[in-house]
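> Got a structure here, written out as structure tokens. Questions coming.
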Amino acid sequence: MHALVFIKQVPDASQVRINYETGTLIREGVPAILNPYEVHAVEEAVKIKQKFGGKVTILTMGPLQAADALKECLSRGADKGYLLSDRIFAGSDTLATSYALYEGAKKIIELEGEIDFFFAGKQAIDGDTAQTGPGIATRFNIPLVTYLTKLDEVNLEEKYVVATRLTEFGQETLKVPIPVFFTVEESLNILSHSPLPWLVKAAQSKIEILSGENVDLDKNQCGLRNSPTIVKKAFTPEKKQRGATLTGTFDEVVDQAAEKVAPFLNNIL
Amino acid sequence: MIDLNKIDSDISHYKDIWVFIEQTNGQAEHVSFELLTKARELASQRNCHVAAVAVGNSVAHLAEDVFKYGAEKFYIVEDEVLKDYRTEPYRDAVSELVVKYKPEIFLIGATTQGRDLSGTVATVLRTGLTADTTKQEIDQETGFLWMTRPTFGGSLMATIFCPKHRPQMSTVRPGVFKAIPLDAPVNGEIIEIIREKIEFSEEDVVKKILKKVISSEGNVTLGFYDVIVSGGKGMGNKENFNMLKELADLLGGTWAGSRKAVELGYIPQTRQVGQTGQTVHPKLYIACGISGAIQHLVGMQTSEIIIAINTDKDAPIFNVSTYCIVEDALKFVPKLIEELKGMQSTRRAQ
Ligand SMILES: Cc1cc2nc3c(=O)[nH]c(=O)nc-3n(C[C@H](O)[C@H](O)[C@H](O)COP(=O)(O)OP(=O)(O)OC[C@H]3O[C@@H](n4cnc5c(N)ncnc54)[C@H](O)[C@@H]3O)c2cc1C
Ligand SMILES: Nc1ncnc2c1ncn2[C@@H]1O[C@H](COP(=O)(O)O)[C@@H](O)[C@H]1O
């Protein structure tokens, strides 16, 4: 069994603040974290490995510091981390990102062998596009299962899985042949604590670097210049003014509030 | 999958605005009509037509509704294989239509289905896709579609365009635009339903649906309501949401909550407002025991009137509120209900 997990290091979006005077984001001091959905993707891949044997490989595209996020995955039980890093990828939109990761994954197949399970998070909390996973799956032309909430059954002999995903109306359970591509929800599993030896091993392990030099790729599909979407402008949302605080005794405030909402009162019996 | 060589790269050949009509068991999703309404506005500026696209085993009957909301053409693909949504055959059907008829703009609802579909279709077509947009406008000078979307959990807005690839694809959150039906059919123009025949066979589709579970709460489109009474962790427990339901009923609205309320099991995920829930902009939004984290605010801050009830006078929710009430919601809401009931009976007596 070989699982490949695509992970992204992201700024902790919940800690990003806005400087309204300059209209920019205050990112200083905001920690870079492993995108929360991927933590669960790694957990699930490692669970499969513990049951069937095999290995879990991790791939990320990003700056060199993203190695930290890879190490976190190793400490959670993954076996090897690959960092795809090159200036040619700078400014990639989701189409260019899925292309680069597709080529990176093909390189990993060459080095590490065929992949049964591909995992990505459902979305990255900085961009929130939820497109990268579907993009890579499409490029490999393998079945895609988004919003995975439960891996009900893994059958390596007959090469299929039974998987449950969220839908607009509830859940659906699918039977899908391997190889398969999952994008995962946080509710997929409950995180376990890493045993000490994993932490030690992770700290000592070496991250493999991939780039335009050692991955066979078409540079005309990479980076800002080859991204179909272009950011025209970025701006901070208009700041709302804090409105009136209703004051007075408790009963007076209730009266005032009732008055404000009275126009909406349902008159139908 | 589509042969890449079949994709026309001359963008001048692409025209008209398409809206994907999402349907389940032959029932169209409301967001599709919201998008048709928006598409009408964009089409009038682009001087082009609006078309709807639906894929399923039986979708032709949706024609009446899509025409009511302004589509002038309705492209459909019908096949038993397409009965339930599955990524791969839907992807192929939709990409096939795009390659053949070349729309300039393609709008899809940012639902679980729409997001799943759009990501794969855009990759097949090698075009740009802008997810979860909240604003769409045509640049007068270039005629390009400008799509604005929140990023960084809503701390930053980005306006994105796609100058060299077609179609310009975008997903839009349900509830962002209003659905407004036409008074009369589009200029009496003849509307054609084009039946596409694409060969599907069940054997080619490797993914099988074993079971579907409709959650007991079902699907709530919060965007339908003019009044939303919403609760957070400050509501303390699930039972206390009953008072929010009662208040919502009195005001002819519905109830919802924060993600913490979901995580604590007070409310189902289908009623979550915010970045990872639904976007709403009702006339009145009442936030009870919600702190106002940025991820919550992005989903509701465009509401016309916001009333927040929170014990913490510095809670960030107050920064976007029209009226701030620094009180214990568990005591305040029951009193407010009592007061409103009083008003209601006085009105009825008159
Ligand atoms: C990637 C990501 C996505 C997210 N997406 C969403 C999303 O879509 N929607 C969302 O809501 N959140 C989302 N969150 C979570 C968000 O950051 C907050 O944690 C969440 O909104 C807080 O919920 P809350 O306001 O109910 O709880 P808290 O922040 O704990 O606030 C509770 C509030 O209740 C007040 N209170 C307590 N008791 C009372 C009382 N008796 N009467 C009145 N007030 C009282 C307190 O003063 C406090 O302000 C997301 C987070 C991340 C990282
Ligand atoms: N640069 C990247 N490197 C590796 N994986 C990525 C990268 N960007 C996105 N992903 C994966 O794709 C998922 C969805 O990202 P996004 O489309 O940006 O919302 C993430 O949760 C990751 O699993």
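Note on naming: chains are A, B, ... as they come in the structure tokens, residues start from 1 per chain, ligands start from 1 in the order shown.
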When DSSP is applied to the backbone of this structure, which of region 59-200 of chain B are assigned strand (DSSP E)? Write them out as a PyMOL selection string.
chain B and resi 73-78+105-109+129-133+135-138+145-151+156-161+168-172+192-196
> With C-alpha atoms retained, could you export that selection as a short mmCIF file (atom, residue, chain, number, x, y, z; two decimals), in the first residue's frame?

data_model
loop_
_atom_site.label_atom_id
_atom_site.label_comp_id
_atom_site.auth_asym_id
_atom_site.auth_seq_id
_atom_site.Cartn_x
_atom_site.Cartn_y
_atom_site.Cartn_z
CA LYS B 73 -31.54 28.48 -24.25
CA PHE B 74 -31.49 25.34 -22.23
CA TYR B 75 -28.84 22.75 -22.98
CA ILE B 76 -29.55 19.37 -21.52
CA VAL B 77 -27.88 15.99 -21.38
CA GLU B 78 -30.16 13.18 -20.29
CA ILE B 105 -18.76 32.91 -18.98
CA PHE B 106 -19.84 29.87 -16.97
CA LEU B 107 -21.38 30.27 -13.51
CA ILE B 108 -21.87 27.38 -11.08
CA GLY B 109 -23.26 27.35 -7.54
CA LEU B 129 -11.80 29.05 -12.16
CA THR B 130 -12.51 31.53 -9.41
CA ALA B 131 -14.14 29.94 -6.41
CA ASP B 132 -16.76 31.26 -4.03
CA THR B 133 -17.15 34.67 -5.56
CA LYS B 135 -19.35 39.90 -6.68
CA GLN B 136 -19.39 39.69 -10.47
CA GLU B 137 -19.04 42.65 -12.78
CA ILE B 138 -18.16 43.27 -16.40
CA LEU B 145 -15.57 39.37 -16.05
CA TRP B 146 -14.24 40.68 -12.77
CA MET B 147 -14.85 38.22 -9.99
CA THR B 148 -14.38 39.25 -6.38
CA ARG B 149 -13.95 36.72 -3.61
CA PRO B 150 -12.91 36.67 0.03
CA THR B 151 -9.61 34.99 0.93
CA LEU B 156 -8.88 40.08 2.34
CA MET B 157 -10.92 40.48 -0.82
CA ALA B 158 -9.39 39.70 -4.20
CA THR B 159 -10.70 40.72 -7.60
CA ILE B 160 -9.70 38.15 -10.18
CA PHE B 161 -10.05 37.91 -13.92
CA GLN B 168 -14.34 32.48 -17.55
CA MET B 169 -15.52 30.13 -14.82
CA SER B 170 -16.71 31.02 -11.40
CA THR B 171 -18.56 29.44 -8.52
CA VAL B 172 -20.88 31.57 -6.41
CA GLU B 192 -34.62 26.15 -27.98
CA ILE B 193 -34.01 23.07 -25.98
CA ILE B 194 -31.06 21.29 -27.43
CA ARG B 195 -30.87 17.63 -26.70
CA GLU B 196 -27.35 16.45 -26.64
#
> Just want the 6 Å neighbourhood of Gly231 (chain B), counted on only C-alpha atoms, with same-chain residues fewer than 3 positions away dropped. Output as a VMD selection string.
chain B and resid 257 287 to 289
> Counting only C-alpha atoms and all ligand atoms, which residues in chain B sit no more than 8 Å from ligand 1? For each one, give the nearest pair of atoms and the distance in Å, sorted by chain then residue number, as JSON lines.

{"residue": "B:Gly153", "atom": "CA", "partner": "ligand 1", "partner_atom_place_in_ligand_line": "3 (C)", "distance": 6.9}
{"residue": "B:Gly231", "atom": "CA", "partner": "ligand 1", "partner_atom_place_in_ligand_line": "26 (O)", "distance": 6.7}
{"residue": "B:Gly232", "atom": "CA", "partner": "ligand 1", "partner_atom_place_in_ligand_line": "26 (O)", "distance": 3.1}
{"residue": "B:Lys233", "atom": "CA", "partner": "ligand 1", "partner_atom_place_in_ligand_line": "26 (O)", "distance": 3.8}
{"residue": "B:Gly234", "atom": "CA", "partner": "ligand 1", "partner_atom_place_in_ligand_line": "37 (C)", "distance": 3.4}
{"residue": "B:Met235", "atom": "CA", "partner": "ligand 1", "partner_atom_place_in_ligand_line": "41 (N)", "distance": 6.0}
{"residue": "B:Gly236", "atom": "CA", "partner": "ligand 1", "partner_atom_place_in_ligand_line": "38 (N)", "distance": 6.9}
{"residue": "B:Gly257", "atom": "CA", "partner": "ligand 1", "partner_atom_place_in_ligand_line": "11 (O)", "distance": 6.7}
{"residue": "B:Ser258", "atom": "CA", "partner": "ligand 1", "partner_atom_place_in_ligand_line": "11 (O)", "distance": 3.3}
{"residue": "B:Arg259", "atom": "CA", "partner": "ligand 1", "partner_atom_place_in_ligand_line": "10 (C)", "distance": 4.0}
{"residue": "B:Lys260", "atom": "CA", "partner": "ligand 1", "partner_atom_place_in_ligand_line": "23 (O)", "distance": 4.3}
{"residue": "B:Ala261", "atom": "CA", "partner": "ligand 1", "partner_atom_place_in_ligand_line": "26 (O)", "distance": 5.5}
{"residue": "B:Gln272", "atom": "CA", "partner": "ligand 1", "partner_atom_place_in_ligand_line": "9 (N)", "distance": 6.1}
{"residue": "B:Val273", "atom": "CA", "partner": "ligand 1", "partner_atom_place_in_ligand_line": "9 (N)", "distance": 5.1}
{"residue": "B:Gly274", "atom": "CA", "partner": "ligand 1", "partner_atom_place_in_ligand_line": "8 (O)", "distance": 3.2}
{"residue": "B:Gln275", "atom": "CA", "partner": "ligand 1", "partner_atom_place_in_ligand_line": "8 (O)", "distance": 3.7}
{"residue": "B:Thr276", "atom": "CA", "partner": "ligand 1", "partner_atom_place_in_ligand_line": "8 (O)", "distance": 3.6}
{"residue": "B:Gly277", "atom": "CA", "partner": "ligand 1", "partner_atom_place_in_ligand_line": "8 (O)", "distance": 4.3}
{"residue": "B:Gln278", "atom": "CA", "partner": "ligand 1", "partner_atom_place_in_ligand_line": "8 (O)", "distance": 7.1}
{"residue": "B:Cys288", "atom": "CA", "partner": "ligand 1", "partner_atom_place_in_ligand_line": "43 (C)", "distance": 5.8}
{"residue": "B:Gly289", "atom": "CA", "partner": "ligand 1", "partner_atom_place_in_ligand_line": "44 (N)", "distance": 3.4}
{"residue": "B:Ile290", "atom": "CA", "partner": "ligand 1", "partner_atom_place_in_ligand_line": "25 (O)", "distance": 3.4}
{"residue": "B:Ser291", "atom": "CA", "partner": "ligand 1", "partner_atom_place_in_ligand_line": "49 (O)", "distance": 3.3}
{"residue": "B:Gly292", "atom": "CA", "partner": "ligand 1", "partner_atom_place_in_ligand_line": "25 (O)", "distance": 5.4}
{"residue": "B:Ala293", "atom": "CA", "partner": "ligand 1", "partner_atom_place_in_ligand_line": "21 (O)", "distance": 4.8}
{"residue": "B:Ile294", "atom": "CA", "partner": "ligand 1", "partner_atom_place_in_ligand_line": "17 (O)", "distance": 6.5}
{"residue": "B:Gln295", "atom": "CA", "partner": "ligand 1", "partner_atom_place_in_ligand_line": "6 (C)", "distance": 4.5}
{"residue": "B:His296", "atom": "CA", "partner": "ligand 1", "partner_atom_place_in_ligand_line": "11 (O)", "distance": 3.9}
{"residue": "B:Leu297", "atom": "CA", "partner": "ligand 1", "partner_atom_place_in_ligand_line": "11 (O)", "distance": 7.6}
{"residue": "B:Gly299", "atom": "CA", "partner": "ligand 1", "partner_atom_place_in_ligand_line": "8 (O)", "distance": 7.0}
{"residue": "B:Ile309", "atom": "CA", "partner": "ligand 1", "partner_atom_place_in_ligand_line": "43 (C)", "distance": 5.6}
{"residue": "B:Asn310", "atom": "CA", "partner": "ligand 1", "partner_atom_place_in_ligand_line": "44 (N)", "distance": 3.5}
{"residue": "B:Thr311", "atom": "CA", "partner": "ligand 1", "partner_atom_place_in_ligand_line": "44 (N)", "distance": 4.4}
{"residue": "B:Asp312", "atom": "CA", "partner": "ligand 1", "partner_atom_place_in_ligand_line": "47 (O)", "distance": 4.4}
{"residue": "B:Lys313", "atom": "CA", "partner": "ligand 1", "partner_atom_place_in_ligand_line": "47 (O)", "distance": 7.9}
{"residue": "B:Ala315", "atom": "CA", "partner": "ligand 1", "partner_atom_place_in_ligand_line": "49 (O)", "distance": 5.2}
{"residue": "B:Pro316", "atom": "CA", "partner": "ligand 1", "partner_atom_place_in_ligand_line": "49 (O)", "distance": 7.7}
{"residue": "B:Ile317", "atom": "CA", "partner": "ligand 1", "partner_atom_place_in_ligand_line": "49 (O)", "distance": 7.8}
{"residue": "B:Val326", "atom": "CA", "partner": "ligand 1", "partner_atom_place_in_ligand_line": "43 (C)", "distance": 7.6}
{"residue": "B:Glu327", "atom": "CA", "partner": "ligand 1", "partner_atom_place_in_ligand_line": "43 (C)", "distance": 6.1}
{"residue": "B:Asp328", "atom": "CA", "partner": "ligand 1", "partner_atom_place_in_ligand_line": "42 (N)", "distance": 3.6}
{"residue": "B:Ala329", "atom": "CA", "partner": "ligand 1", "partner_atom_place_in_ligand_line": "42 (N)", "distance": 3.8}
{"residue": "B:Leu330", "atom": "CA", "partner": "ligand 1", "partner_atom_place_in_ligand_line": "41 (N)", "distance": 5.3}
{"residue": "B:Lys331", "atom": "CA", "partner": "ligand 1", "partner_atom_place_in_ligand_line": "41 (N)", "distance": 7.6}
> Could you jot down the CA of Lys83 (chain B) to CA of Asn57 (chain B) separation for me, Å, one decimal place?
4.5 Å
> Measuring between only C-alpha atoms, which one of A:Ile230, A:Ala45, A:Leu210, A:Ala32 shows the shortest distance to chain B?
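Going through A:Ile230, A:Ala45, A:Leu210, A:Ala32 one by one, the smallest distance to chain B is for A:Ile230.
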> What's the 12 Å shell around Glu199 (chain B), counting only C-alpha atoms, without same-chain residues fewer than 6 positions away, as a ChimeraX atom specification?
/B:77-82,89,92-93,96,205
> Give one line per residue of chain A that approaches chain B to at most 7 Å, naming the two atoms of the closest pair and their distance in Å to one decimal, counting only C-alpha atoms; sort by chain then ascending residue number and deliver it as a tab-separated table.

residue	atom	partner	partner_atom	distance
A:Ala13	CA	B:Phe152	CA	5.4
A:Ile18	CA	B:Ser155	CA	6.6
A:Leu95	CA	B:Thr123	CA	6.6
A:Ile125	CA	B:Phe152	CA	6.6
A:Asp126	CA	B:Phe152	CA	4.5
A:Gly127	CA	B:Thr151	CA	5.3
A:Asp128	CA	B:Thr151	CA	6.7
A:Thr129	CA	B:Ala131	CA	5.4
A:Gln131	CA	B:Gly119	CA	5.0
A:Pro134	CA	B:Thr120	CA	5.4
A:Gly135	CA	B:Thr123	CA	5.5
A:Thr138	CA	B:Thr120	CA	5.8
A:Pro143	CA	B:Lys207	CA	7.0
A:Leu144	CA	B:Thr87	CA	7.0
A:Thr146	CA	B:Asp116	CA	6.8
A:Thr167	CA	B:Thr112	CA	6.0
A:Glu168	CA	B:Thr112	CA	5.9
A:Phe169	CA	B:Asn219	CA	5.2
A:Gly170	CA	B:Ser215	CA	4.5
A:Gln171	CA	B:Val213	CA	5.1
A:Glu172	CA	B:Lys212	CA	4.3
A:Thr173	CA	B:Lys211	CA	5.0
A:Leu174	CA	B:Ile209	CA	4.5
A:Lys175	CA	B:Lys208	CA	5.1
A:Val176	CA	B:Lys207	CA	4.8
A:Pro177	CA	B:Val206	CA	6.7
A:Pro228	CA	B:Gly128	CA	4.9
A:Thr229	CA	B:Cys162	CA	4.5
A:Ile230	CA	B:Phe161	CA	5.4
A:Val231	CA	B:Ile160	CA	4.4
A:Lys232	CA	B:Ile160	CA	5.4
A:Lys233	CA	B:Thr159	CA	5.3
A:Ala234	CA	B:Ala158	CA	4.2
A:Phe235	CA	B:Met157	CA	5.2
A:Thr236	CA	B:Leu156	CA	4.8
A:Pro237	CA	B:Met157	CA	6.2
A:Lys240	CA	B:Val320	CA	5.2
A:Gln241	CA	B:Asn319	CA	6.2
A:Arg242	CA	B:Asn319	CA	4.3
A:Gly243	CA	B:Thr322	CA	4.3
A:Ala244	CA	B:Tyr323	CA	5.1
A:Thr245	CA	B:Cys324	CA	4.4
A:Leu246	CA	B:Ile325	CA	5.6
A:Val254	CA	B:Leu336	CA	5.7
A:Ala258	CA	B:Leu340	CA	6.1
A:Phe264	CA	B:Leu251	CA	5.3
A:Leu265	CA	B:Leu251	CA	4.5
A:Asn266	CA	B:Leu251	CA	5.1
A:Asn267	CA	B:Gln344	CA	7.0
> Would you kindly return, as a ChimeraX atom specification, each protein, DNA or RNA residue with an atom no farther than 12 Å from any atom of Leu36 (chain B), considering only C-alpha atoms and excluding same-chain residues fewer than 5 positions away?
/B:17-22,29-31,41-43,49-53,65-74,106-109,172,177-182
> Counting only C-alpha atoms and all ligand atoms, name the residues that have an atom within 9 Å of an atom of ligand 2; the answer should be given as a VMD selection string.
(chain A and resid 5 to 9 35 to 38 41 58 to 62 83 to 84 92 to 94 97 to 98 100 to 101 119 to 136 183 to 184) or (chain B and resid 119)
> Write a file of the just-selected residues containing N, CA and C atoms, as a compact mmCIF listing (two decimals), in the first residue's frame.

# COMPACT_ATOMS: atom_id res chain seq x y z
N VAL A 5 0.08 12.00 0.28
CA VAL A 5 -0.76 13.07 0.82
C VAL A 5 -0.19 14.42 0.36
N PHE A 6 -1.05 15.23 -0.24
CA PHE A 6 -0.67 16.58 -0.65
C PHE A 6 -0.98 17.51 0.52
N ILE A 7 0.04 18.20 0.99
CA ILE A 7 -0.20 19.09 2.13
C ILE A 7 0.24 20.50 1.79
N LYS A 8 -0.30 21.46 2.53
CA LYS A 8 0.08 22.85 2.30
C LYS A 8 0.36 23.52 3.64
N GLN A 9 1.42 24.32 3.65
CA GLN A 9 1.68 25.13 4.83
C GLN A 9 0.99 26.47 4.60
N ASN A 35 -2.03 23.06 7.10
CA ASN A 35 -3.45 23.26 6.84
C ASN A 35 -4.29 22.22 7.62
N PRO A 36 -5.27 22.68 8.40
CA PRO A 36 -5.95 21.77 9.33
C PRO A 36 -6.55 20.50 8.70
N TYR A 37 -7.01 20.57 7.47
CA TYR A 37 -7.63 19.38 6.88
C TYR A 37 -6.61 18.28 6.59
N GLU A 38 -5.39 18.72 6.23
CA GLU A 38 -4.37 17.73 5.89
C GLU A 38 -3.93 16.91 7.09
N ALA A 41 -5.92 14.06 6.85
CA ALA A 41 -5.56 13.24 5.69
C ALA A 41 -4.36 12.35 6.05
N ILE A 58 4.62 12.17 1.54
CA ILE A 58 3.99 13.49 1.60
C ILE A 58 4.61 14.39 0.55
N LEU A 59 3.78 15.19 -0.09
CA LEU A 59 4.29 16.14 -1.08
C LEU A 59 3.71 17.52 -0.83
N THR A 60 4.56 18.51 -0.84
CA THR A 60 4.06 19.87 -0.80
C THR A 60 4.83 20.71 -1.80
N MET A 61 4.15 21.74 -2.31
CA MET A 61 4.84 22.70 -3.14
C MET A 61 4.85 24.01 -2.35
N GLY A 62 6.02 24.61 -2.21
CA GLY A 62 6.08 25.83 -1.44
C GLY A 62 7.52 26.26 -1.22
N LEU A 83 9.56 18.06 -0.99
CA LEU A 83 9.23 19.48 -1.11
C LEU A 83 9.53 19.92 -2.53
N LEU A 84 8.48 20.33 -3.23
CA LEU A 84 8.62 20.82 -4.59
C LEU A 84 8.80 22.32 -4.50
N SER A 92 1.68 30.70 -8.91
CA SER A 92 0.78 29.75 -9.58
C SER A 92 -0.65 29.89 -9.09
N ASP A 93 -1.60 29.87 -9.99
CA ASP A 93 -3.00 29.77 -9.55
C ASP A 93 -3.33 28.28 -9.42
N THR A 94 -4.60 27.95 -9.24
CA THR A 94 -4.90 26.54 -8.95
C THR A 94 -4.62 25.63 -10.14
N THR A 97 -0.94 25.17 -10.14
CA THR A 97 -0.56 24.40 -8.95
C THR A 97 -0.87 22.92 -9.15
N SER A 98 -2.05 22.65 -9.68
CA SER A 98 -2.40 21.23 -9.85
C SER A 98 -1.49 20.61 -10.90
N ALA A 100 1.77 21.44 -11.44
CA ALA A 100 3.07 21.21 -10.80
C ALA A 100 2.99 19.99 -9.86
N LEU A 101 1.90 19.92 -9.09
CA LEU A 101 1.78 18.81 -8.13
C LEU A 101 1.58 17.47 -8.85
N PHE A 119 -4.39 11.65 -1.18
CA PHE A 119 -5.17 12.44 -0.23
C PHE A 119 -4.82 13.92 -0.36
N ALA A 120 -5.84 14.78 -0.26
CA ALA A 120 -5.60 16.21 -0.10
C ALA A 120 -6.63 16.71 0.91
N GLY A 121 -6.42 17.91 1.42
CA GLY A 121 -7.42 18.51 2.29
C GLY A 121 -8.60 18.97 1.44
N LYS A 122 -9.73 19.23 2.07
CA LYS A 122 -10.86 19.69 1.26
C LYS A 122 -10.57 21.09 0.73
N GLN A 123 -9.88 21.90 1.50
CA GLN A 123 -9.49 23.22 1.03
C GLN A 123 -8.38 23.76 1.89
N ALA A 124 -7.64 24.74 1.36
CA ALA A 124 -6.59 25.37 2.13
C ALA A 124 -7.17 26.63 2.76
N ILE A 125 -6.87 26.88 4.02
CA ILE A 125 -7.57 27.97 4.71
C ILE A 125 -7.07 29.36 4.31
N ASP A 126 -5.99 29.44 3.52
CA ASP A 126 -5.60 30.78 3.06
C ASP A 126 -6.36 31.16 1.80
N GLY A 127 -6.44 30.23 0.85
CA GLY A 127 -7.13 30.55 -0.40
C GLY A 127 -8.55 30.04 -0.44
N ASP A 128 -8.82 28.96 0.27
CA ASP A 128 -10.16 28.36 0.30
C ASP A 128 -10.72 28.01 -1.06
N THR A 129 -9.91 27.61 -2.01
CA THR A 129 -10.52 27.38 -3.32
C THR A 129 -11.11 25.98 -3.45
N ALA A 130 -10.54 25.01 -2.76
CA ALA A 130 -11.01 23.62 -2.86
C ALA A 130 -10.88 23.07 -4.27
N GLN A 131 -9.94 23.60 -5.04
CA GLN A 131 -9.81 23.17 -6.44
C GLN A 131 -8.60 22.30 -6.70
N THR A 132 -7.59 22.41 -5.87
CA THR A 132 -6.34 21.74 -6.18
C THR A 132 -6.51 20.22 -6.23
N GLY A 133 -7.20 19.67 -5.25
CA GLY A 133 -7.41 18.22 -5.23
C GLY A 133 -8.14 17.74 -6.49
N PRO A 134 -9.34 18.28 -6.75
CA PRO A 134 -10.04 17.89 -7.97
C PRO A 134 -9.18 18.08 -9.23
N GLY A 135 -8.35 19.11 -9.24
CA GLY A 135 -7.49 19.36 -10.39
C GLY A 135 -6.48 18.23 -10.60
N ILE A 136 -5.84 17.80 -9.53
CA ILE A 136 -4.83 16.74 -9.66
C ILE A 136 -5.51 15.43 -10.06
N THR A 183 -10.44 14.09 -1.08
CA THR A 183 -10.21 15.33 -0.35
C THR A 183 -11.02 15.21 0.94
N VAL A 184 -10.42 15.56 2.05
CA VAL A 184 -10.99 15.14 3.33
C VAL A 184 -11.53 16.27 4.20
N GLY B 119 -14.21 22.25 -10.32
CA GLY B 119 -12.77 22.04 -10.26
C GLY B 119 -12.30 21.06 -11.32
> Enumerate, as a PyMOL selection string, the complete set of residues in region 23-95 of chain B that a backbone-based DSSP assignment places in helix (DSSP H, G or I).
chain B and resi 30-46+60-68+80-82+87-95
> So which residues touch Leu74 (chain A) within 12 Å, counting only C-alpha atoms, skipping near sequence neighbours fewer than 5 positions away, as number ranges by chain?
A: 5, 7, 39, 42-43, 45-46, 55-59, 67-69, 79-82, 194-207
> Quick one: residues within 12 Å of Ile48 (chain A), only C-alpha atoms counted, chain neighbours fewer than 4 positions away excluded, as a list in words?
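Contacts, with the query itself left out: Met1, His2, Ala3, Leu4, Ala41, Val42, Glu43, Glu44, Phe52, Gly53, Gly54, Lys55, Val56, Gly77, Ala78, Asp116, Phe117, Leu151, Asp152, Glu153, Val154, Asn155, Leu156 and Val161 of chain A.
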> Report the distance between CA of Gly265 (chain B) and CA of Lys245 (chain B) in Å, rounded to one decimal place.
15.8 Å
> Would you please work out which residue, of A:Asn19, A:Asn189, A:Asn226, A:Gln50, is nearest to Gly91 (chain A) when using only C-alpha atoms?
A:Asn226
> Considering only C-alpha atoms, can you say which of A:His40, A:Lys239, A:Arg87, A:Arg225 comes closest to Glu213 (chain A)?
A:Arg87
